[in-house]
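So this one's data_10.txt, compact mmCIF, C-alpha atoms and all ligand atoms:
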# COMPACT_ATOMS: atom_id res chain seq x y z
CA GLY Z 1 176.07 -107.00 83.48
CA SER Z 2 176.13 -103.33 82.69
CA GLU Z 3 179.35 -101.46 83.20
CA MET Z 4 179.54 -99.53 86.42
CA CYS Z 5 181.32 -96.24 86.38
CA ILE Z 6 181.92 -94.47 89.62
CA ARG Z 7 183.02 -90.90 89.45
CA ASP Z 8 184.53 -90.04 92.78
CA ARG Z 9 182.19 -92.48 94.45
CA LEU Z 10 179.83 -89.53 94.89
CA HIS Z 11 177.79 -90.65 91.98
CA ILE Z 12 177.17 -94.30 92.45
CA SER Z 13 175.58 -95.35 89.26
CA SER Z 14 173.77 -98.53 90.12
CA GLU Z 15 172.05 -100.25 93.00
CA GLN Z 16 174.43 -103.12 92.72
CA THR Z 17 177.39 -100.85 93.27
CA ALA Z 18 175.80 -99.21 96.27
CA ASP Z 19 175.03 -102.57 97.81
CA THR Z 20 178.45 -104.06 97.34
CA VAL Z 21 180.54 -101.01 98.09
CA LEU Z 22 178.84 -99.01 100.80
CA PRO Z 23 178.70 -101.61 103.57
CA LYS Z 24 182.46 -101.80 103.44
CA LEU Z 25 182.74 -98.11 104.13
CA THR Z 26 180.80 -98.13 107.34
CA GLY Z 27 182.64 -98.93 110.53
CA ASP Z 28 186.21 -100.06 110.69
CA ILE Z 29 187.84 -101.81 107.84
CA VAL Z 30 190.46 -104.13 109.12
CA LEU Z 31 193.25 -105.27 106.94
CA SER Z 32 195.65 -107.81 108.24
CA HIS Z 33 198.33 -110.12 107.06
CA VAL Z 34 198.94 -108.26 103.87
CA THR Z 35 201.74 -109.67 101.86
CA PHE Z 36 203.15 -108.46 98.64
CA SER Z 37 205.67 -110.21 96.60
CA TYR Z 38 207.13 -109.92 93.19
CA PRO Z 39 208.13 -112.75 90.91
CA GLY Z 40 211.57 -113.74 92.01
CA ALA Z 41 211.40 -111.56 95.11
CA ALA Z 42 213.21 -112.74 98.20
CA GLU Z 43 210.88 -111.37 100.85
CA PRO Z 44 207.34 -110.07 100.81
CA ALA Z 45 206.88 -106.55 102.12
CA LEU Z 46 204.18 -105.05 104.31
CA SER Z 47 203.45 -108.39 105.83
CA ASP Z 48 201.48 -108.82 109.00
CA ILE Z 49 200.29 -105.32 109.43
CA SER Z 50 196.82 -104.22 110.36
CA LEU Z 51 195.27 -101.06 109.09
CA HIS Z 52 192.07 -99.84 110.62
CA ILE Z 53 190.72 -97.47 108.10
CA ARG Z 54 187.54 -95.54 108.75
CA PRO Z 55 185.39 -93.80 106.21
CA GLY Z 56 186.98 -90.60 105.02
CA GLN Z 57 190.49 -91.61 106.02
CA ARG Z 58 193.26 -91.54 103.48
CA VAL Z 59 196.29 -93.68 102.73
CA ALA Z 60 199.32 -92.16 101.01
CA ILE Z 61 201.71 -94.47 99.17
CA ILE Z 62 204.92 -92.62 98.42
CA GLY Z 63 207.91 -93.78 96.43
CA GLY Z 64 210.14 -93.34 93.41
CA THR Z 65 210.10 -94.86 89.94
CA GLY Z 66 209.40 -98.57 89.92
CA ALA Z 67 209.46 -98.88 93.70
CA GLY Z 68 206.22 -100.85 93.64
CA LYS Z 69 203.82 -98.08 94.71
CA SER Z 70 201.03 -98.91 92.36
CA THR Z 71 201.23 -102.67 92.94
CA ILE Z 72 200.93 -102.13 96.67
CA ALA Z 73 198.27 -99.42 96.33
CA LYS Z 74 196.14 -101.54 94.01
CA SER Z 75 196.33 -104.52 96.28
CA LEU Z 76 195.48 -102.50 99.39
CA ALA Z 77 192.60 -100.76 97.63
CA LYS Z 78 191.14 -104.07 96.60
CA ARG Z 79 191.42 -105.51 100.09
CA LEU Z 80 189.89 -102.43 101.64
CA GLY Z 81 187.24 -101.87 99.00
CA ILE Z 82 188.21 -98.23 98.62
CA MET Z 83 189.35 -96.16 95.69
CA HIS Z 84 192.90 -96.02 94.47
CA LEU Z 85 194.07 -92.91 92.67
CA ASP Z 86 197.21 -93.31 90.59
CA THR Z 87 198.39 -89.70 90.32
CA GLY Z 88 201.18 -90.56 87.90
CA ALA Z 89 198.55 -91.21 85.23
CA MET Z 90 197.55 -87.55 85.40
CA TYR Z 91 201.12 -86.37 84.82
CA ARG Z 92 201.37 -88.90 82.02
CA ALA Z 93 198.23 -87.44 80.40
CA ALA Z 94 199.71 -83.94 80.57
CA GLY Z 95 203.02 -85.20 79.21
CA LYS Z 96 201.28 -86.97 76.34
CA LYS Z 97 199.53 -83.77 75.31
CA ALA Z 98 202.85 -81.93 75.15
CA LEU Z 99 204.33 -84.70 73.03
CA ASP Z 100 201.32 -84.70 70.70
CA LEU Z 101 201.64 -80.94 70.26
CA GLY Z 102 205.39 -81.12 69.79
CA ILE Z 103 206.04 -78.95 72.86
CA ASN Z 104 209.05 -79.62 75.08
CA PRO Z 105 207.47 -80.81 78.36
CA ALA Z 106 210.15 -78.98 80.37
CA ASP Z 107 209.53 -75.61 78.67
CA ARG Z 108 207.60 -73.70 81.31
CA ASP Z 109 206.77 -70.74 79.05
CA ARG Z 110 204.95 -72.99 76.64
CA ILE Z 111 203.59 -75.58 79.06
CA ALA Z 112 201.93 -73.09 81.44
CA PRO Z 113 199.46 -71.81 78.79
CA MET Z 114 198.98 -75.32 77.45
CA ILE Z 115 198.00 -76.72 80.83
CA ALA Z 116 195.63 -73.81 81.53
CA SER Z 117 193.51 -74.91 78.57
CA THR Z 118 193.84 -78.65 79.23
CA HIS Z 119 191.12 -80.73 80.78
CA ILE Z 120 192.29 -83.85 82.63
CA ASP Z 121 189.73 -86.04 84.30
CA VAL Z 122 189.79 -89.32 86.16
CA VAL Z 123 186.87 -91.73 86.10
CA PHE Z 124 186.59 -95.10 87.83
CA CYS Z 125 184.99 -97.74 85.65
CA ALA Z 126 184.28 -101.04 87.36
CA GLY Z 127 187.07 -100.29 89.81
CA VAL Z 128 189.61 -99.42 87.13
CA GLN Z 129 190.95 -95.91 86.78
CA ARG Z 130 190.57 -94.32 83.35
CA VAL Z 131 192.17 -91.02 82.42
CA PHE Z 132 190.60 -88.58 80.03
CA LEU Z 133 192.58 -85.92 78.22
CA ASP Z 134 190.39 -83.18 76.80
CA GLY Z 135 187.47 -85.57 76.80
CA VAL Z 136 189.28 -88.50 75.19
CA ASP Z 137 190.08 -91.70 77.08
CA ILE Z 138 193.85 -92.13 76.73
CA THR Z 139 194.36 -94.69 79.49
CA ASP Z 140 195.90 -97.23 77.14
CA LYS Z 141 198.30 -94.76 75.53
CA ILE Z 142 200.30 -93.47 78.47
CA ARG Z 143 202.55 -96.40 79.40
CA THR Z 144 205.24 -95.80 76.80
CA GLN Z 145 208.80 -94.83 77.54
CA ASP Z 146 208.35 -91.46 75.80
CA VAL Z 147 205.33 -90.62 77.91
CA SER Z 148 207.16 -91.67 81.11
CA LYS Z 149 209.96 -89.24 80.34
CA ALA Z 150 207.52 -86.48 79.33
CA ALA Z 151 205.53 -86.99 82.56
CA SER Z 152 208.66 -86.66 84.66
CA ASP Z 153 209.69 -83.48 82.82
CA ILE Z 154 206.26 -81.86 82.88
CA GLY Z 155 206.01 -82.66 86.59
CA THR Z 156 208.73 -80.06 87.19
CA ILE Z 157 206.40 -77.27 86.01
CA PRO Z 158 204.64 -75.62 88.98
CA GLU Z 159 201.53 -74.66 86.97
CA VAL Z 160 201.03 -78.31 86.09
CA ARG Z 161 201.39 -79.47 89.68
CA VAL Z 162 199.07 -76.82 91.07
CA LYS Z 163 196.34 -77.85 88.66
CA LEU Z 164 196.71 -81.60 89.13
CA VAL Z 165 197.10 -81.40 92.90
CA GLU Z 166 193.89 -79.40 93.14
CA LEU Z 167 192.13 -82.19 91.28
CA GLN Z 168 193.72 -84.84 93.52
CA ARG Z 169 192.76 -83.05 96.73
CA GLY Z 170 189.21 -82.61 95.50
CA ILE Z 171 188.88 -86.33 94.92
CA ALA Z 172 190.38 -87.12 98.34
CA GLU Z 173 188.01 -84.71 100.08
CA ARG Z 174 185.02 -86.64 98.93
CA ASN Z 175 186.30 -90.20 99.34
CA SER Z 176 188.16 -92.72 101.42
CA ILE Z 177 191.11 -93.15 99.20
CA ILE Z 178 194.52 -94.64 98.61
CA MET Z 179 196.68 -92.31 96.61
CA ASP Z 180 200.05 -93.15 95.19
CA GLY Z 181 202.63 -90.69 93.96
CA ARG Z 182 205.85 -88.98 94.81
CA ASP Z 183 204.55 -85.99 96.71
CA ILE Z 184 201.44 -87.43 98.32
CA GLY Z 185 202.67 -87.60 101.91
CA SER Z 186 204.60 -84.35 101.89
CA TYR Z 187 202.45 -82.09 99.75
CA VAL Z 188 199.16 -83.39 98.37
CA LEU Z 189 197.78 -84.94 101.55
CA PRO Z 190 200.14 -83.91 104.37
CA ASP Z 191 197.56 -84.98 106.95
CA ALA Z 192 196.71 -88.36 105.46
CA GLU Z 193 195.99 -90.83 108.27
CA PHE Z 194 198.31 -93.48 106.86
CA LYS Z 195 201.54 -92.97 104.98
CA PHE Z 196 203.87 -95.56 103.57
CA TYR Z 197 207.15 -94.83 101.90
CA ILE Z 198 208.06 -97.64 99.53
CA THR Z 199 211.70 -98.17 98.70
CA ALA Z 200 213.76 -100.62 96.74
CA ASP Z 201 217.29 -100.56 95.47
CA VAL Z 202 217.67 -99.18 91.95
CA LYS Z 203 219.13 -102.50 90.78
CA GLU Z 204 216.15 -104.38 92.09
CA ARG Z 205 213.75 -101.91 90.49
CA ALA Z 206 215.54 -102.23 87.17
CA ARG Z 207 215.37 -106.00 87.40
CA ARG Z 208 211.61 -105.92 87.96
CA ARG Z 209 211.03 -103.35 85.25
CA MET Z 210 212.99 -105.51 82.85
CA PHE Z 211 210.89 -108.51 83.86
CA ASP Z 212 207.66 -106.59 83.15
CA LEU Z 213 208.90 -105.20 79.86
CA ARG Z 214 210.09 -108.57 78.60
CA ARG Z 215 206.84 -110.21 79.66
CA SER Z 216 204.78 -107.64 77.82
CA GLY Z 217 207.17 -107.60 74.88
CA THR Z 218 207.75 -103.87 75.17
CA ASP Z 219 211.42 -103.67 76.13
CA GLY Z 220 212.19 -102.05 72.77
CA GLY Z 221 215.59 -103.67 72.69
CA ARG Z 222 216.74 -101.84 75.80
CA THR Z 223 219.30 -103.49 78.00
CA TYR Z 224 219.25 -103.86 81.75
CA GLU Z 225 221.80 -101.04 81.95
CA ASP Z 226 219.53 -98.75 79.88
CA ILE Z 227 216.62 -99.41 82.22
CA GLU Z 228 218.72 -98.83 85.32
CA ARG Z 229 219.91 -95.53 83.87
CA GLU Z 230 216.33 -94.46 83.02
CA ILE Z 231 215.14 -95.20 86.53
CA ALA Z 232 218.06 -93.38 88.17
CA ASN Z 233 217.49 -90.44 85.87
CA ARG Z 234 213.77 -90.16 86.59
CA ASP Z 235 214.48 -90.41 90.31
CA ARG Z 236 216.94 -87.58 89.99
CA VAL Z 237 214.49 -85.33 88.08
CA ASP Z 238 211.64 -86.19 90.46
CA SER Z 239 213.56 -85.64 93.68
CA THR Z 240 215.52 -82.54 92.71
CA ARG Z 241 212.70 -80.46 91.23
CA GLU Z 242 212.03 -77.36 93.27
CA PHE Z 243 208.29 -77.65 93.63
CA ALA Z 244 206.92 -80.59 95.65
CA PRO Z 245 209.66 -83.11 94.92
CA LEU Z 246 209.64 -86.83 95.67
CA LYS Z 247 210.11 -86.87 99.41
CA ARG Z 248 209.75 -89.26 102.26
CA ALA Z 249 207.36 -87.54 104.67
CA ALA Z 250 208.81 -87.65 108.19
CA ASP Z 251 205.76 -89.50 109.47
CA ALA Z 252 205.68 -92.09 106.69
CA ILE Z 253 206.27 -95.73 107.55
CA PRO Z 254 209.17 -97.03 105.47
CA VAL Z 255 208.46 -100.23 103.59
CA SER Z 256 211.11 -101.97 101.59
CA TYR Z 257 209.61 -103.87 98.75
CA THR Z 258 212.33 -106.26 97.79
O1 LIG W 301 204.27 -93.01 88.85
P1 LIG W 301 204.52 -92.85 87.36
O2 LIG W 301 205.72 -93.56 86.86
O3 LIG W 301 203.29 -93.13 86.54
O4 LIG W 301 204.80 -91.26 87.17
C1 LIG W 301 205.25 -90.73 85.97
C2 LIG W 301 205.92 -89.38 86.20
O5 LIG W 301 204.95 -88.43 86.62
C3 LIG W 301 206.99 -89.36 87.28
O6 LIG W 301 208.27 -89.67 86.77
C4 LIG W 301 206.93 -87.93 87.79
C5 LIG W 301 205.51 -87.52 87.58
N1 LIG W 301 204.72 -87.60 88.82
C6 LIG W 301 204.84 -86.56 89.71
O7 LIG W 301 205.60 -85.64 89.46
N2 LIG W 301 204.10 -86.56 90.87
C7 LIG W 301 203.26 -87.56 91.16
N3 LIG W 301 202.52 -87.52 92.27
C8 LIG W 301 203.15 -88.65 90.26
C9 LIG W 301 203.90 -88.64 89.10

Translate this file's structure into structure tokens.
Ligand code: DC
Amino acid sequence: GSEMCIRDRLHISSEQTADTVLPKLTGDIVLSHVTFSYPGAAEPALSDISLHIRPGQRVAIIGGTGAGKSTIAKSLAKRLGIMHLDTGAMYRAAGKKALDLGINPADRDRIAPMIASTHIDVVFCAGVQRVFLDGVDITDKIRTQDVSKAASDIGTIPEVRVKLVELQRGIAERNSIIMDGRDIGSYVLPDAEFKFYITADVKERARRRMFDLRRSGTDGGRTYEDIEREIANRDRVDSTREFAPLKRAADAIPVSYT
């Protein structure tokens, strides 16, 4: 069949999409007995909960590096038939541009003008999020270690956050949505109807990250200790930045994904 691209769900591009998606957004959506597990994980998290999500309501999934936010968000979004916005991809796009231009992503004086003339856009194609940087689809180029580090650094720049958060709020205004990111519950969508704070021990996160990297053959020769250090370092940068740091919103439900 033809590819369906939904931009913000405002522009539903085919009859088929409207038929399969819209009925799910009317009335209550009930989600129950959700279980998540990870290969080798001891216990599934978020099991046996029910979410009653109505059209227009928003779910915030908050957590640090490798906590399992996007796995949980993707799974929930699929079960609920609503959109999932991975906000990290936007910071990754910004970070990639800085790298491409040879600009230090933590250099506010140079990043602020760069971001002012940068166009980042998110499009949903057949349910999959694609990120465009200045009109070019870079979705497949932002999962490298360099881009992860650049995203974390560029996320400390207020001008970057203001611009990306505006985009994120705009998308959430027009859609029932699940959004994952570090500042979603505390800053981007403080009045989201549902908030989950996902946690896991740094050792456990490193173990899983290592598992993923080995499986995809992209560990780049890094050791478990290297990975653990990277995760701890990104957590530190993300939670100590001044502007909208990684924070557990007081009203978020803690979920340990172990
Ligand atoms: O979730 P992720 O690993 O794709 O995010 C990459 C980096 O982007 C993360 O280390 C910090 C930044 N980021 C952010 O500052 N705020 C968000 N809401 C999401 C990501």

Checklist entry - Between Z:Gly220, Z:Pro105, Z:Gly66, Z:Pro254, which is the closest to ligand LIG 301 (chain W) once you count only C-alpha atoms and all ligand atoms? => result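 Among Z:Gly220, Z:Pro105, Z:Gly66, Z:Pro254, it is Z:Gly66 that comes nearest to ligand LIG 301 (chain W).
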
For chain Z versus ligand LIG 301 (chain W), which residues have an atom no more than 7 Å away, and what is each residue's nearest atom pair and distance in Å rounded to one decimal, using only C-alpha atoms and all ligand atoms, chain-then-number order, as a tab-separated table?
residue	atom	partner	partner_atom	distance
Z:Thr65	CA	W:LIG301	O2	5.5
Z:Gly66	CA	W:LIG301	O2	6.9
Z:Thr87	CA	W:LIG301	C8	4.9
Z:Gly88	CA	W:LIG301	C9	3.5
Z:Ala89	CA	W:LIG301	O3	5.3
Z:Tyr91	CA	W:LIG301	O5	4.7
Z:Arg92	CA	W:LIG301	C1	5.8
Z:Ser148	CA	W:LIG301	C1	5.3
Z:Lys149	CA	W:LIG301	O6	6.7
Z:Ala151	CA	W:LIG301	O5	4.3
Z:Ser152	CA	W:LIG301	O6	3.7
Z:Gly155	CA	W:LIG301	O7	4.2
Z:Thr156	CA	W:LIG301	O7	6.8
Z:Asp180	CA	W:LIG301	N3	6.8
Z:Gly181	CA	W:LIG301	N3	3.6
Z:Arg182	CA	W:LIG301	N3	4.4
Z:Asp183	CA	W:LIG301	N3	5.1
Z:Ile184	CA	W:LIG301	N3	6.1
Z:Arg234	CA	W:LIG301	O6	5.5
Z:Asp238	CA	W:LIG301	C4	5.7

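For the choices Z:Leu85, Z:Asp107, Z:Lys74, Z:Val147, the atom-to-atom distance to Val123 in chain Z is smallest for Z:Leu85 when using only C-alpha atoms.
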
Checklist entry - Between Z:Val59, Z:Val160, Z:Ile120, Z:Ile227, which has the minimum distance to Ile72 in chain Z (counting all atoms listed in the file)? => result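 Closest to Ile72 in chain Z of all the choices is Z:Val59.
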
Item to check | Exercise: Tyr197 in chain Z partners within 6 Å, all atoms listed in the file, chain neighbours under 4 positions left out, as a ChimeraX atom specification | outcome: /Z:62-63,252-255

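Among the candidates Z:Asn104, Z:Gln145, Z:Ser186, Z:Ser176, the one nearest to Ile157 in chain Z when counting all atoms listed in the file is Z:Asn104.
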
Next on the checklist: Neighbouring residues of Ile82 in chain Z were defined as those with any atom within 8 Å, considering only C-alpha atoms; residues of the same chain fewer than 4 positions away were excluded. Please report them as a VMD selection string.
Outcome noted: chain Z and resid 25 77 to 78 176 to 178

Item to check | Atomic separation - CA of Ala172 in chain Z relative to CA of Ala192 in chain Z, Å | outcome: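 That distance, rounded to one decimal, is 9.6 Å.
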
Next on the checklist: Can you measure CA of Met179 in chain Z to CA of Gly127 in chain Z for me? One decimal in Å is fine.
Outcome noted: 14.2 Å

Checklist entry - CA of Ile154 in chain Z and CA of Ala106 in chain Z, how far apart in Å? => result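 It comes out at 5.5 Å.
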
Provide range 196-207 of chain Z rebuilt to all heavy atoms, formatted as an mmCIF file, keeping the file's coordinate frame.
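Listed below is the output, selection_24.cif:
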data_model
loop_
_atom_site.group_PDB
_atom_site.id
_atom_site.type_symbol
_atom_site.label_atom_id
_atom_site.label_comp_id
_atom_site.auth_asym_id
_atom_site.auth_seq_id
_atom_site.Cartn_x
_atom_site.Cartn_y
_atom_site.Cartn_z
ATOM 1 N N PHE Z 196 202.817 -94.554 103.742
ATOM 2 C CA PHE Z 196 203.870 -95.560 103.570
ATOM 3 C C PHE Z 196 204.858 -95.055 102.532
ATOM 4 O O PHE Z 196 204.468 -94.544 101.490
ATOM 5 C CB PHE Z 196 203.285 -96.891 103.088
ATOM 6 C CG PHE Z 196 202.371 -97.539 104.085
ATOM 7 C CD1 PHE Z 196 200.997 -97.494 103.915
ATOM 8 C CD2 PHE Z 196 202.891 -98.174 105.195
ATOM 9 C CE1 PHE Z 196 200.146 -98.075 104.852
ATOM 10 C CE2 PHE Z 196 202.053 -98.762 106.129
ATOM 11 C CZ PHE Z 196 200.679 -98.718 105.956
ATOM 12 N N TYR Z 197 206.120 -95.191 102.859
ATOM 13 C CA TYR Z 197 207.150 -94.830 101.900
ATOM 14 C C TYR Z 197 207.794 -96.108 101.376
ATOM 15 O O TYR Z 197 208.417 -96.847 102.126
ATOM 16 C CB TYR Z 197 208.202 -93.926 102.557
ATOM 17 C CG TYR Z 197 209.256 -93.458 101.603
ATOM 18 C CD1 TYR Z 197 208.972 -92.449 100.689
ATOM 19 C CD2 TYR Z 197 210.524 -94.026 101.591
ATOM 20 C CE1 TYR Z 197 209.936 -92.011 99.782
ATOM 21 C CE2 TYR Z 197 211.495 -93.607 100.694
ATOM 22 C CZ TYR Z 197 211.191 -92.598 99.799
ATOM 23 O OH TYR Z 197 212.135 -92.180 98.906
ATOM 24 N N ILE Z 198 207.599 -96.379 100.106
ATOM 25 C CA ILE Z 198 208.060 -97.640 99.530
ATOM 26 C C ILE Z 198 209.436 -97.459 98.896
ATOM 27 O O ILE Z 198 209.625 -96.557 98.075
ATOM 28 C CB ILE Z 198 207.095 -98.131 98.421
ATOM 29 C CG1 ILE Z 198 205.622 -97.933 98.811
ATOM 30 C CG2 ILE Z 198 207.375 -99.584 98.046
ATOM 31 C CD1 ILE Z 198 205.167 -98.726 100.000
ATOM 32 N N THR Z 199 210.368 -98.286 99.290
ATOM 33 C CA THR Z 199 211.700 -98.170 98.700
ATOM 34 C C THR Z 199 212.194 -99.508 98.174
ATOM 35 O O THR Z 199 211.792 -100.565 98.640
ATOM 36 C CB THR Z 199 212.757 -97.729 99.749
ATOM 37 O OG1 THR Z 199 212.723 -98.665 100.836
ATOM 38 C CG2 THR Z 199 212.500 -96.342 100.249
ATOM 39 N N ALA Z 200 213.044 -99.430 97.218
ATOM 40 C CA ALA Z 200 213.760 -100.620 96.740
ATOM 41 C C ALA Z 200 215.005 -100.121 96.037
ATOM 42 O O ALA Z 200 215.017 -99.028 95.461
ATOM 43 C CB ALA Z 200 212.890 -101.428 95.791
ATOM 44 N N ASP Z 201 216.031 -100.884 96.116
ATOM 45 C CA ASP Z 201 217.290 -100.560 95.470
ATOM 46 C C ASP Z 201 217.096 -100.378 93.965
ATOM 47 O O ASP Z 201 216.280 -101.065 93.356
ATOM 48 C CB ASP Z 201 218.261 -101.719 95.747
ATOM 49 C CG ASP Z 201 219.624 -101.445 95.178
ATOM 50 O OD1 ASP Z 201 220.330 -100.621 95.779
ATOM 51 O OD2 ASP Z 201 219.958 -102.034 94.129
ATOM 52 N N VAL Z 202 217.838 -99.457 93.376
ATOM 53 C CA VAL Z 202 217.670 -99.180 91.950
ATOM 54 C C VAL Z 202 217.911 -100.429 91.092
ATOM 55 O O VAL Z 202 217.245 -100.660 90.078
ATOM 56 C CB VAL Z 202 218.547 -97.981 91.488
ATOM 57 C CG1 VAL Z 202 220.017 -98.314 91.564
ATOM 58 C CG2 VAL Z 202 218.175 -97.552 90.071
ATOM 59 N N LYS Z 203 218.841 -101.274 91.534
ATOM 60 C CA LYS Z 203 219.130 -102.500 90.780
ATOM 61 C C LYS Z 203 217.936 -103.448 90.796
ATOM 62 O O LYS Z 203 217.596 -104.076 89.802
ATOM 63 C CB LYS Z 203 220.367 -103.195 91.332
ATOM 64 C CG LYS Z 203 221.639 -102.406 91.064
ATOM 65 C CD LYS Z 203 222.866 -103.252 91.303
ATOM 66 C CE LYS Z 203 224.173 -102.478 91.119
ATOM 67 N NZ LYS Z 203 224.182 -101.520 90.015
ATOM 68 N N GLU Z 204 217.321 -103.533 91.950
ATOM 69 C CA GLU Z 204 216.150 -104.380 92.090
ATOM 70 C C GLU Z 204 214.982 -103.834 91.252
ATOM 71 O O GLU Z 204 214.260 -104.569 90.573
ATOM 72 C CB GLU Z 204 215.765 -104.469 93.575
ATOM 73 C CG GLU Z 204 214.453 -105.165 93.880
ATOM 74 C CD GLU Z 204 214.415 -106.615 93.430
ATOM 75 O OE1 GLU Z 204 215.489 -107.202 93.177
ATOM 76 O OE2 GLU Z 204 213.299 -107.167 93.302
ATOM 77 N N ARG Z 205 214.833 -102.520 91.265
ATOM 78 C CA ARG Z 205 213.750 -101.910 90.490
ATOM 79 C C ARG Z 205 213.969 -102.135 89.000
ATOM 80 O O ARG Z 205 213.032 -102.408 88.259
ATOM 81 C CB ARG Z 205 213.659 -100.418 90.811
ATOM 82 C CG ARG Z 205 213.177 -100.176 92.236
ATOM 83 C CD ARG Z 205 212.920 -98.723 92.486
ATOM 84 N NE ARG Z 205 214.094 -97.998 92.921
ATOM 85 C CZ ARG Z 205 214.301 -96.707 92.705
ATOM 86 N NH1 ARG Z 205 213.427 -95.986 92.033
ATOM 87 N NH2 ARG Z 205 215.373 -96.120 93.149
ATOM 88 N N ALA Z 206 215.221 -102.014 88.584
ATOM 89 C CA ALA Z 206 215.540 -102.230 87.170
ATOM 90 C C ALA Z 206 215.269 -103.677 86.772
ATOM 91 O O ALA Z 206 214.736 -103.958 85.696
ATOM 92 C CB ALA Z 206 216.998 -101.865 86.902
ATOM 93 N N ARG Z 207 215.586 -104.575 87.676
ATOM 94 C CA ARG Z 207 215.370 -106.000 87.400
ATOM 95 C C ARG Z 207 213.875 -106.281 87.190
ATOM 96 O O ARG Z 207 213.472 -106.962 86.265
ATOM 97 C CB ARG Z 207 215.914 -106.822 88.572
ATOM 98 C CG ARG Z 207 216.102 -108.298 88.298
ATOM 99 C CD ARG Z 207 216.567 -109.040 89.549
ATOM 100 N NE ARG Z 207 215.525 -109.072 90.588
ATOM 101 C CZ ARG Z 207 214.456 -109.862 90.553
ATOM 102 N NH1 ARG Z 207 214.279 -110.687 89.539
ATOM 103 N NH2 ARG Z 207 213.560 -109.831 91.513
#
